[in-house]
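J.: My structure file data-v5.pdb, PDB, C-alpha atoms, is below:
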```pdb
ATOM      1  CA  LEU A   8     -22.295  43.912  37.956  1.00  0.00           C
ATOM      2  CA  ASN A   9     -19.155  45.977  37.845  1.00  0.00           C
ATOM      3  CA  MET A  10     -16.028  46.374  35.794  1.00  0.00           C
ATOM      4  CA  PRO A  11     -13.211  46.243  38.328  1.00  0.00           C
ATOM      5  CA  ALA A  12      -9.816  47.649  37.416  1.00  0.00           C
ATOM      6  CA  GLU A  13      -7.864  45.409  39.770  1.00  0.00           C
ATOM      7  CA  THR A  14      -5.383  42.866  38.500  1.00  0.00           C
ATOM      8  CA  VAL A  15      -7.433  39.778  39.373  1.00  0.00           C
ATOM      9  CA  PRO A  16      -9.225  38.404  36.273  1.00  0.00           C
ATOM     10  CA  GLN A  17     -12.961  38.015  36.766  1.00  0.00           C
ATOM     11  CA  LEU A  18     -14.408  35.120  34.752  1.00  0.00           C
ATOM     12  CA  HIS A  19     -18.133  35.324  34.010  1.00  0.00           C
ATOM     13  CA  TYR A  20     -19.756  32.060  32.969  1.00  0.00           C
ATOM     14  CA  PHE A  21     -22.518  29.629  33.815  1.00  0.00           C
ATOM     15  CA  ASN A  22     -22.350  27.161  36.700  1.00  0.00           C
ATOM     16  CA  CYS A  23     -21.068  24.373  34.469  1.00  0.00           C
ATOM     17  CA  ARG A  24     -17.803  23.524  32.746  1.00  0.00           C
ATOM     18  CA  GLY A  25     -18.666  24.271  29.126  1.00  0.00           C
ATOM     19  CA  ARG A  26     -16.528  26.840  27.357  1.00  0.00           C
ATOM     20  CA  GLY A  27     -15.506  28.463  30.600  1.00  0.00           C
ATOM     21  CA  GLU A  28     -13.623  25.410  31.802  1.00  0.00           C
ATOM     22  CA  GLN A  29     -10.741  25.831  29.354  1.00  0.00           C
ATOM     23  CA  ILE A  30     -10.110  29.303  30.752  1.00  0.00           C
ATOM     24  CA  ARG A  31     -10.339  28.009  34.318  1.00  0.00           C
ATOM     25  CA  LEU A  32      -7.799  25.296  33.469  1.00  0.00           C
ATOM     26  CA  LEU A  33      -5.394  27.884  32.054  1.00  0.00           C
ATOM     27  CA  PHE A  34      -5.648  30.030  35.170  1.00  0.00           C
ATOM     28  CA  GLU A  35      -5.352  27.039  37.485  1.00  0.00           C
ATOM     29  CA  ASP A  36      -2.311  25.622  35.693  1.00  0.00           C
ATOM     30  CA  ALA A  37      -0.588  29.005  35.626  1.00  0.00           C
ATOM     31  CA  GLY A  38      -1.330  29.613  39.301  1.00  0.00           C
ATOM     32  CA  VAL A  39      -3.383  32.721  38.519  1.00  0.00           C
ATOM     33  CA  LYS A  40      -5.696  33.999  41.220  1.00  0.00           C
ATOM     34  CA  TYR A  41      -9.055  34.759  39.617  1.00  0.00           C
ATOM     35  CA  GLU A  42     -12.679  35.357  40.514  1.00  0.00           C
ATOM     36  CA  ASP A  43     -15.045  32.710  39.156  1.00  0.00           C
ATOM     37  CA  VAL A  44     -18.448  34.398  38.753  1.00  0.00           C
ATOM     38  CA  ARG A  45     -21.008  31.680  38.007  1.00  0.00           C
ATOM     39  CA  LEU A  46     -24.519  32.378  36.808  1.00  0.00           C
ATOM     40  CA  ASP A  47     -27.431  29.991  36.637  1.00  0.00           C
ATOM     41  CA  TRP A  48     -29.696  30.201  33.600  1.00  0.00           C
ATOM     42  CA  PRO A  49     -32.517  32.228  35.266  1.00  0.00           C
ATOM     43  CA  LYS A  50     -30.000  34.795  36.525  1.00  0.00           C
ATOM     44  CA  TRP A  51     -28.466  35.076  33.047  1.00  0.00           C
ATOM     45  CA  GLN A  52     -31.898  35.632  31.552  1.00  0.00           C
ATOM     46  CA  ARG A  53     -32.531  38.407  34.084  1.00  0.00           C
ATOM     47  CA  ASP A  54     -29.095  40.028  33.787  1.00  0.00           C
ATOM     48  CA  LYS A  55     -28.256  39.510  30.109  1.00  0.00           C
ATOM     49  CA  GLN A  56     -29.449  42.957  29.014  1.00  0.00           C
ATOM     50  CA  ARG A  57     -27.495  44.577  31.842  1.00  0.00           C
ATOM     51  CA  TYR A  58     -24.399  42.611  30.849  1.00  0.00           C
ATOM     52  CA  GLU A  59     -24.788  43.846  27.290  1.00  0.00           C
ATOM     53  CA  ASP A  60     -25.567  47.440  28.276  1.00  0.00           C
ATOM     54  CA  GLN A  61     -22.501  47.591  30.532  1.00  0.00           C
ATOM     55  CA  GLY A  62     -20.245  46.030  27.916  1.00  0.00           C
ATOM     56  CA  LEU A  63     -19.697  42.865  29.963  1.00  0.00           C
ATOM     57  CA  ALA A  64     -21.066  40.651  27.169  1.00  0.00           C
ATOM     58  CA  PRO A  65     -20.232  42.445  23.909  1.00  0.00           C
ATOM     59  CA  PHE A  66     -21.383  39.496  21.775  1.00  0.00           C
ATOM     60  CA  GLY A  67     -24.345  38.659  23.991  1.00  0.00           C
ATOM     61  CA  GLN A  68     -22.569  35.492  25.120  1.00  0.00           C
ATOM     62  CA  LEU A  69     -20.468  34.076  27.918  1.00  0.00           C
ATOM     63  CA  PRO A  70     -17.717  33.421  28.888  1.00  0.00           C
ATOM     64  CA  THR A  71     -16.152  36.823  29.256  1.00  0.00           C
ATOM     65  CA  VAL A  72     -13.225  37.853  31.417  1.00  0.00           C
ATOM     66  CA  VAL A  73     -12.952  41.300  32.988  1.00  0.00           C
ATOM     67  CA  PHE A  74      -9.337  42.286  33.625  1.00  0.00           C
ATOM     68  CA  GLU A  75      -7.734  45.667  34.293  1.00  0.00           C
ATOM     69  CA  GLY A  76     -10.809  47.511  33.060  1.00  0.00           C
ATOM     70  CA  ASN A  77     -11.033  45.544  29.804  1.00  0.00           C
ATOM     71  CA  VAL A  78     -13.569  42.916  28.761  1.00  0.00           C
ATOM     72  CA  PHE A  79     -12.276  39.877  26.900  1.00  0.00           C
ATOM     73  CA  ALA A  80     -14.887  37.910  24.961  1.00  0.00           C
ATOM     74  CA  GLN A  81     -14.983  34.798  22.748  1.00  0.00           C
ATOM     75  CA  SER A  82     -13.424  31.816  24.489  1.00  0.00           C
ATOM     76  CA  TYR A  83     -10.532  31.033  22.116  1.00  0.00           C
ATOM     77  CA  ALA A  84      -9.575  34.691  21.674  1.00  0.00           C
ATOM     78  CA  THR A  85      -9.572  34.983  25.461  1.00  0.00           C
ATOM     79  CA  LEU A  86      -7.451  31.841  25.784  1.00  0.00           C
ATOM     80  CA  ARG A  87      -4.946  33.254  23.299  1.00  0.00           C
ATOM     81  CA  TYR A  88      -4.703  36.550  25.157  1.00  0.00           C
ATOM     82  CA  PHE A  89      -4.127  35.036  28.590  1.00  0.00           C
ATOM     83  CA  GLY A  90      -2.099  32.197  27.105  1.00  0.00           C
ATOM     84  CA  THR A  91       0.294  34.817  25.720  1.00  0.00           C
ATOM     85  CA  ILE A  92       0.529  36.599  29.081  1.00  0.00           C
ATOM     86  CA  HIS A  93       1.203  33.360  30.950  1.00  0.00           C
ATOM     87  CA  ASP A  94       3.584  31.789  28.399  1.00  0.00           C
ATOM     88  CA  ARG A  95       1.198  29.073  27.248  1.00  0.00           C
ATOM     89  CA  TYR A  96       0.747  29.983  23.595  1.00  0.00           C
ATOM     90  CA  GLY A  97       4.074  29.049  22.020  1.00  0.00           C
ATOM     91  CA  LYS A  98       7.076  31.275  21.457  1.00  0.00           C
ATOM     92  CA  THR A  99       7.291  31.557  17.654  1.00  0.00           C
ATOM     93  CA  ASN A 100       4.808  32.097  14.841  1.00  0.00           C
ATOM     94  CA  GLU A 101       5.231  28.472  13.826  1.00  0.00           C
ATOM     95  CA  GLU A 102       4.518  27.246  17.342  1.00  0.00           C
ATOM     96  CA  ARG A 103       1.450  29.464  17.605  1.00  0.00           C
ATOM     97  CA  HIS A 104       0.203  28.120  14.296  1.00  0.00           C
ATOM     98  CA  ARG A 105       0.584  24.631  15.724  1.00  0.00           C
ATOM     99  CA  VAL A 106      -1.448  25.622  18.787  1.00  0.00           C
ATOM    100  CA  ASP A 107      -4.084  27.332  16.633  1.00  0.00           C
ATOM    101  CA  SER A 108      -4.420  24.318  14.367  1.00  0.00           C
ATOM    102  CA  VAL A 109      -5.075  22.084  17.373  1.00  0.00           C
ATOM    103  CA  LEU A 110      -7.671  24.585  18.626  1.00  0.00           C
ATOM    104  CA  ASP A 111      -9.418  24.557  15.239  1.00  0.00           C
ATOM    105  CA  PHE A 112      -9.362  20.763  15.197  1.00  0.00           C
ATOM    106  CA  SER A 113     -10.808  20.645  18.697  1.00  0.00           C
ATOM    107  CA  GLU A 114     -13.642  22.950  17.642  1.00  0.00           C
ATOM    108  CA  ASP A 115     -14.650  20.487  14.901  1.00  0.00           C
ATOM    109  CA  TRP A 116     -14.687  17.705  17.481  1.00  0.00           C
ATOM    110  CA  ARG A 117     -16.556  19.794  20.031  1.00  0.00           C
ATOM    111  CA  GLY A 118     -19.211  20.567  17.422  1.00  0.00           C
ATOM    112  CA  GLU A 119     -19.961  16.861  16.989  1.00  0.00           C
ATOM    113  CA  TYR A 120     -19.996  16.358  20.759  1.00  0.00           C
ATOM    114  CA  LEU A 121     -22.370  19.283  21.327  1.00  0.00           C
ATOM    115  CA  THR A 122     -24.720  17.985  18.654  1.00  0.00           C
ATOM    116  CA  LEU A 123     -25.052  14.772  20.670  1.00  0.00           C
ATOM    117  CA  ILE A 124     -25.451  16.652  23.961  1.00  0.00           C
ATOM    118  CA  TYR A 125     -27.887  19.379  22.954  1.00  0.00           C
ATOM    119  CA  ARG A 126     -29.677  18.221  19.814  1.00  0.00           C
ATOM    120  CA  SER A 127     -30.009  14.466  20.049  1.00  0.00           C
ATOM    121  CA  PRO A 128     -33.625  13.318  20.511  1.00  0.00           C
ATOM    122  CA  ASP A 129     -32.264  10.095  22.055  1.00  0.00           C
ATOM    123  CA  PHE A 130     -29.028  10.890  23.893  1.00  0.00           C
ATOM    124  CA  GLN A 131     -28.546   7.488  25.542  1.00  0.00           C
ATOM    125  CA  GLY A 132     -29.518   5.628  22.377  1.00  0.00           C
ATOM    126  CA  GLU A 133     -27.195   7.622  20.108  1.00  0.00           C
ATOM    127  CA  LYS A 134     -24.248   7.822  22.514  1.00  0.00           C
ATOM    128  CA  PRO A 135     -22.693   4.407  21.658  1.00  0.00           C
ATOM    129  CA  ASP A 136     -22.741   5.137  17.925  1.00  0.00           C
ATOM    130  CA  TYR A 137     -21.210   8.578  18.479  1.00  0.00           C
ATOM    131  CA  LEU A 138     -18.392   7.128  20.603  1.00  0.00           C
ATOM    132  CA  LYS A 139     -17.695   4.330  18.138  1.00  0.00           C
ATOM    133  CA  ASN A 140     -17.665   6.538  15.048  1.00  0.00           C
ATOM    134  CA  GLN A 141     -17.285  10.316  15.293  1.00  0.00           C
ATOM    135  CA  ALA A 142     -15.513  10.435  18.661  1.00  0.00           C
ATOM    136  CA  ALA A 143     -13.162   7.555  17.838  1.00  0.00           C
ATOM    137  CA  SER A 144     -12.267   9.182  14.516  1.00  0.00           C
ATOM    138  CA  PHE A 145     -11.351  12.463  16.192  1.00  0.00           C
ATOM    139  CA  ALA A 146      -9.462  10.694  18.975  1.00  0.00           C
ATOM    140  CA  ARG A 147      -7.473   8.759  16.373  1.00  0.00           C
ATOM    141  CA  ARG A 148      -6.462  12.005  14.699  1.00  0.00           C
ATOM    142  CA  ALA A 149      -5.594  13.644  18.010  1.00  0.00           C
ATOM    143  CA  GLN A 150      -3.400  10.702  18.954  1.00  0.00           C
ATOM    144  CA  LYS A 151      -1.633  10.847  15.594  1.00  0.00           C
ATOM    145  CA  LEU A 152      -1.004  14.583  16.048  1.00  0.00           C
ATOM    146  CA  LEU A 153       0.519  13.840  19.428  1.00  0.00           C
ATOM    147  CA  GLU A 154       2.617  10.901  18.234  1.00  0.00           C
ATOM    148  CA  ASN A 155       3.958  12.867  15.251  1.00  0.00           C
ATOM    149  CA  GLN A 156       5.791  15.166  17.654  1.00  0.00           C
ATOM    150  CA  PRO A 157       9.575  14.654  17.857  1.00  0.00           C
ATOM    151  CA  ASP A 158       9.066  13.234  21.366  1.00  0.00           C
ATOM    152  CA  LYS A 159       6.524  10.694  19.998  1.00  0.00           C
ATOM    153  CA  GLY A 160       3.754  12.061  22.179  1.00  0.00           C
ATOM    154  CA  SER A 161       5.486  11.721  25.526  1.00  0.00           C
ATOM    155  CA  ASN A 162       4.703  15.297  26.582  1.00  0.00           C
ATOM    156  CA  TYR A 163       2.169  17.780  25.173  1.00  0.00           C
ATOM    157  CA  PHE A 164       0.848  18.996  21.839  1.00  0.00           C
ATOM    158  CA  LEU A 165       3.781  21.394  21.615  1.00  0.00           C
ATOM    159  CA  GLY A 166       6.445  19.066  22.907  1.00  0.00           C
ATOM    160  CA  GLU A 167       7.603  20.033  26.388  1.00  0.00           C
ATOM    161  CA  GLN A 168       5.563  23.243  26.331  1.00  0.00           C
ATOM    162  CA  PHE A 169       2.152  23.027  27.967  1.00  0.00           C
ATOM    163  CA  THR A 170      -0.184  25.375  26.071  1.00  0.00           C
ATOM    164  CA  ILE A 171      -3.804  26.433  25.774  1.00  0.00           C
ATOM    165  CA  ALA A 172      -4.201  23.657  23.189  1.00  0.00           C
ATOM    166  CA  ASP A 173      -3.675  21.183  26.018  1.00  0.00           C
ATOM    167  CA  CYS A 174      -6.300  22.931  28.156  1.00  0.00           C
ATOM    168  CA  VAL A 175      -8.813  22.438  25.350  1.00  0.00           C
ATOM    169  CA  ILE A 176      -7.915  18.881  24.275  1.00  0.00           C
ATOM    170  CA  TRP A 177      -7.611  17.602  27.851  1.00  0.00           C
ATOM    171  CA  GLU A 178     -11.063  18.959  28.683  1.00  0.00           C
ATOM    172  CA  LEU A 179     -12.525  17.304  25.569  1.00  0.00           C
ATOM    173  CA  LEU A 180     -10.974  13.981  26.513  1.00  0.00           C
ATOM    174  CA  ASP A 181     -12.273  14.385  30.047  1.00  0.00           C
ATOM    175  CA  LEU A 182     -15.796  14.974  28.712  1.00  0.00           C
ATOM    176  CA  HIS A 183     -15.583  11.760  26.721  1.00  0.00           C
ATOM    177  CA  LEU A 184     -14.405   9.775  29.721  1.00  0.00           C
ATOM    178  CA  ARG A 185     -17.627  10.874  31.395  1.00  0.00           C
ATOM    179  CA  LEU A 186     -19.553   9.353  28.491  1.00  0.00           C
ATOM    180  CA  ASP A 187     -17.543   6.143  28.736  1.00  0.00           C
ATOM    181  CA  SER A 188     -14.799   5.642  31.318  1.00  0.00           C
ATOM    182  CA  SER A 189     -13.063   3.134  29.013  1.00  0.00           C
ATOM    183  CA  PHE A 190     -13.108   5.418  25.935  1.00  0.00           C
ATOM    184  CA  LEU A 191      -9.352   6.035  25.956  1.00  0.00           C
ATOM    185  CA  ASP A 192      -8.380   2.382  26.445  1.00  0.00           C
ATOM    186  CA  GLN A 193      -8.055   2.019  22.671  1.00  0.00           C
ATOM    187  CA  PHE A 194      -5.875   5.139  22.487  1.00  0.00           C
ATOM    188  CA  GLN A 195      -3.044   4.486  24.899  1.00  0.00           C
ATOM    189  CA  THR A 196      -0.960   7.529  23.945  1.00  0.00           C
ATOM    190  CA  LEU A 197      -3.958   9.773  24.585  1.00  0.00           C
ATOM    191  CA  LYS A 198      -4.768   7.947  27.799  1.00  0.00           C
ATOM    192  CA  LYS A 199      -1.259   8.556  29.137  1.00  0.00           C
ATOM    193  CA  TYR A 200      -1.484  12.145  27.942  1.00  0.00           C
ATOM    194  CA  HIS A 201      -4.749  12.676  29.823  1.00  0.00           C
ATOM    195  CA  GLN A 202      -3.162  11.274  32.980  1.00  0.00           C
ATOM    196  CA  ARG A 203      -0.062  13.435  32.477  1.00  0.00           C
ATOM    197  CA  VAL A 204      -2.094  16.636  32.263  1.00  0.00           C
ATOM    198  CA  SER A 205      -4.271  15.529  35.200  1.00  0.00           C
ATOM    199  CA  ASN A 206      -1.119  15.263  37.297  1.00  0.00           C
ATOM    200  CA  ARG A 207       0.133  18.780  36.594  1.00  0.00           C
ATOM    201  CA  GLU A 208       0.239  20.498  39.968  1.00  0.00           C
ATOM    202  CA  GLY A 209      -2.242  23.305  39.313  1.00  0.00           C
ATOM    203  CA  ILE A 210      -4.746  21.127  37.476  1.00  0.00           C
ATOM    204  CA  LYS A 211      -4.445  18.279  39.974  1.00  0.00           C
ATOM    205  CA  ASN A 212      -5.113  20.676  42.840  1.00  0.00           C
ATOM    206  CA  TYR A 213      -8.103  22.128  40.983  1.00  0.00           C
ATOM    207  CA  ILE A 214      -9.625  18.696  40.349  1.00  0.00           C
ATOM    208  CA  GLN A 215      -9.202  17.745  43.999  1.00  0.00           C
ATOM    209  CA  SER A 216     -10.352  21.102  45.385  1.00  0.00           C
ATOM    210  CA  GLY A 217     -14.088  20.618  44.929  1.00  0.00           C
ATOM    211  CA  ARG A 218     -14.246  23.971  43.104  1.00  0.00           C
ATOM    212  CA  ARG A 219     -14.717  22.418  39.679  1.00  0.00           C
ATOM    213  CA  PRO A 220     -18.345  22.677  38.437  1.00  0.00           C
ATOM    214  CA  GLU A 221     -20.144  19.368  38.776  1.00  0.00           C
ATOM    215  CA  MET A 222     -22.174  19.744  35.580  1.00  0.00           C
ATOM    216  CA  PRO A 223     -20.148  19.490  32.357  1.00  0.00           C
ATOM    217  CA  ASN A 224     -22.861  21.089  30.217  1.00  0.00           C
ATOM    218  CA  GLY A 225     -25.870  23.344  30.482  1.00  0.00           C
ATOM    219  CA  VAL A 226     -28.166  20.314  30.253  1.00  0.00           C
ATOM    220  CA  PRO A 227     -28.052  16.995  32.184  1.00  0.00           C
ATOM    221  CA  ASN A 228     -26.655  15.083  29.164  1.00  0.00           C
ATOM    222  CA  GLY A 229     -22.953  14.252  29.396  1.00  0.00           C
TER     223      GLY A 229
END
```
Take the structure in this file and express it as structure tokens.
T.:
Amino acid sequence: LNMPAETVPQLHYFNCRGRGEQIRLLFEDAGVKYEDVRLDWPKWQRDKQRYEDQGLAPFGQLPTVVFEGNVFAQSYATLRYFGTIHDRYGKTNEERHRVDSVLDFSEDWRGEYLTLIYRSPDFQGEKPDYLKNQAASFARRAQKLLENQPDKGSNYFLGEQFTIADCVIWELLDLHLRLDSSFLDQFQTLKKYHQRVSNREGIKNYIQSGRRPEMPNGVPNG
């Protein structure tokens, strides 16, 4: 464990997508060279105290990003910081509020998803009901947010500007397509949006590279 001062961000997270994937997507889309330090659960259990003692996990959690001698913790705060640096967090206070509101919305949705993944006593049995009710309700709202844009949802959640909100929403949609590959068929605007983001050069290259973690979560569910 070290705290390098070089200009290459060093992402510390588990060997799954989880909350680290949004940060990876930001770096990949922006063409940022970064070091992807992946820990399995036993290694994290062994090294957690060292991470905390060295300031690499100030909240006792991952992901964290080490960059220029600083440690950035909490996934959305980290997204905002690097989103600002790489021009993916809006340009005005109003635009940043729009991005933040989508992030907050996505956190509500993610909470329902994670309840199914980590706390359900019968994941396969409860999955259809979750997709039909909670997930469909959130997807409906996301589609409406997109369609209420001046461009009627033909670009991103901030019009022509791709932002960290898109990193988060796209990843959520991608997780749900793993649960059911036809999930977005009833939400055509979102389906086209997911394809649009998938075809962005940096993200497309990342998906095809084989570097993306195979496991979406820290457990087999999903």
J.: Do you know which residues the PyMOL selection byres ((chain A and resi 160-172) around 9) returns on this file, as a PyMOL selection string?
T.: chain A and resi 29-30+32-33+83+86-87+90+94-97+102+105-110+113+150-159+173-177+196-197+199-200+203-204
J.: My list of candidates is A:Tyr213, A:Tyr125, A:Phe79, A:Phe130. Which is closest to His19 (chain A) when distances are computed with all atoms listed in the file?
T.: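 The answer is A:Phe79, which sits nearest to His19 (chain A).
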J.: Convert the output of the PyMOL selection byres ((chain A and resi 228) around 8) on the shown file into explicit residues, formatted as a list in words.
T.: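 Output of the PyMOL selection byres ((chain A and resi 228) around 8): Ile124, Tyr125, Phe130, Asn224, Val226, Pro227 and Gly229 of chain A.
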J.: So which residues fall inside 12 Å of (-26.2, 43.2, 28.0) if we count all atoms listed in the file? Mind giving them as a list of chain:residue names?
T.: A:Leu8, A:Trp51, A:Gln52, A:Arg53, A:Asp54, A:Lys55, A:Gln56, A:Arg57, A:Tyr58, A:Glu59, A:Asp60, A:Gln61, A:Gly62, A:Leu63, A:Ala64, A:Pro65, A:Phe66, A:Gly67, A:Gln68, A:Leu69, A:Thr71
J.: Val15 (chain A): which residues within 10 Å, counting all atoms listed in the file, same-chain residues fewer than 6 positions away excluded, as a list in words?
T.: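 Here the qualifying residues turn out to be Val39, Lys40, Tyr41, Glu42, Val73, Phe74 and Glu75 of chain A.
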J.: I'd like the contact shell of Arg26 (chain A) - 7 Å cut-off, only C-alpha atoms, skipping same-chain residues fewer than 2 positions apart - returned as an NGL selection string.
T.: :A and (24 or 28-29 or 70 or 82)
J.: Evaluate the PyMOL selection byres ((chain A and resi 220) around 7) here and jot the selected residues down as a list in words.
T.: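 Taken over the shown coordinates, the PyMOL selection byres ((chain A and resi 220) around 7) returns Asn22, Cys23, Arg24, Arg218, Arg219, Glu221 and Met222 of chain A.
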J.: Quick check, in Å to one decimal: how far apart do CA of Leu121 (chain A) and CA of Leu180 (chain A) lie?
T.: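 We find that CA of Leu121 (chain A) and CA of Leu180 (chain A) lie 13.6 Å from each other.
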J.: Could you please determine the separation between CA of Leu18 (chain A) and CA of Ala146 (chain A) in Å, to one decimal place?
T.: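 Computing the Euclidean distance for CA of Leu18 (chain A) and CA of Ala146 (chain A) yields 29.5 Å.
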J.: Rank nothing, just name the residue among A:Pro223, A:Gly132, A:Gly38, A:Gly27 nearest to His183 (chain A), using all atoms listed in the file.
T.: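 Closest candidate: A:Pro223.
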J.: Calculate how many Å separate CA of Glu133 (chain A) from CA of Glu178 (chain A), rounding to one decimal.
T.: 21.5 Å
J.: Could region 148-159 of chain A be completed with N, CA, C and O atoms and written as an mmCIF file, keeping the file's coordinate frame, please?
T.:
```cif
data_model
loop_
_atom_site.group_PDB
_atom_site.id
_atom_site.type_symbol
_atom_site.label_atom_id
_atom_site.label_comp_id
_atom_site.auth_asym_id
_atom_site.auth_seq_id
_atom_site.Cartn_x
_atom_site.Cartn_y
_atom_site.Cartn_z
ATOM 1 N N ARG A 148 -7.225 10.902 15.274
ATOM 2 C CA ARG A 148 -6.462 12.005 14.699
ATOM 3 C C ARG A 148 -5.673 12.751 15.774
ATOM 4 O O ARG A 148 -4.516 13.136 15.562
ATOM 5 N N ALA A 149 -6.288 12.958 16.920
ATOM 6 C CA ALA A 149 -5.594 13.644 18.010
ATOM 7 C C ALA A 149 -4.371 12.853 18.454
ATOM 8 O O ALA A 149 -3.293 13.414 18.699
ATOM 9 N N GLN A 150 -4.522 11.540 18.546
ATOM 10 C CA GLN A 150 -3.400 10.702 18.954
ATOM 11 C C GLN A 150 -2.276 10.758 17.924
ATOM 12 O O GLN A 150 -1.094 10.834 18.275
ATOM 13 N N LYS A 151 -2.644 10.765 16.653
ATOM 14 C CA LYS A 151 -1.633 10.847 15.594
ATOM 15 C C LYS A 151 -0.888 12.181 15.648
ATOM 16 O O LYS A 151 0.339 12.239 15.483
ATOM 17 N N LEU A 152 -1.637 13.270 15.896
ATOM 18 C CA LEU A 152 -1.004 14.583 16.048
ATOM 19 C C LEU A 152 0.014 14.551 17.181
ATOM 20 O O LEU A 152 1.117 15.103 17.068
ATOM 21 N N LEU A 153 -0.355 13.918 18.265
ATOM 22 C CA LEU A 153 0.519 13.840 19.428
ATOM 23 C C LEU A 153 1.749 12.970 19.132
ATOM 24 O O LEU A 153 2.884 13.356 19.453
ATOM 25 N N GLU A 154 1.524 11.837 18.504
ATOM 26 C CA GLU A 154 2.617 10.901 18.234
ATOM 27 C C GLU A 154 3.560 11.394 17.148
ATOM 28 O O GLU A 154 4.706 10.932 17.060
ATOM 29 N N ASN A 155 3.102 12.323 16.304
ATOM 30 C CA ASN A 155 3.958 12.867 15.251
ATOM 31 C C ASN A 155 4.919 13.931 15.760
ATOM 32 O O ASN A 155 5.731 14.460 15.002
ATOM 33 N N GLN A 156 4.833 14.253 17.040
ATOM 34 C CA GLN A 156 5.791 15.166 17.654
ATOM 35 C C GLN A 156 7.163 14.484 17.707
ATOM 36 O O GLN A 156 7.243 13.243 17.743
ATOM 37 N N PRO A 157 8.234 15.261 17.733
ATOM 38 C CA PRO A 157 9.575 14.654 17.857
ATOM 39 C C PRO A 157 9.716 13.751 19.074
ATOM 40 O O PRO A 157 10.483 12.788 19.056
ATOM 41 N N ASP A 158 8.960 14.053 20.150
ATOM 42 C CA ASP A 158 9.066 13.234 21.366
ATOM 43 C C ASP A 158 8.094 12.052 21.353
ATOM 44 O O ASP A 158 7.909 11.375 22.365
ATOM 45 N N LYS A 159 7.443 11.833 20.187
ATOM 46 C CA LYS A 159 6.524 10.694 19.998
ATOM 47 C C LYS A 159 5.314 10.733 20.933
ATOM 48 O O LYS A 159 4.743 9.695 21.266
#
```
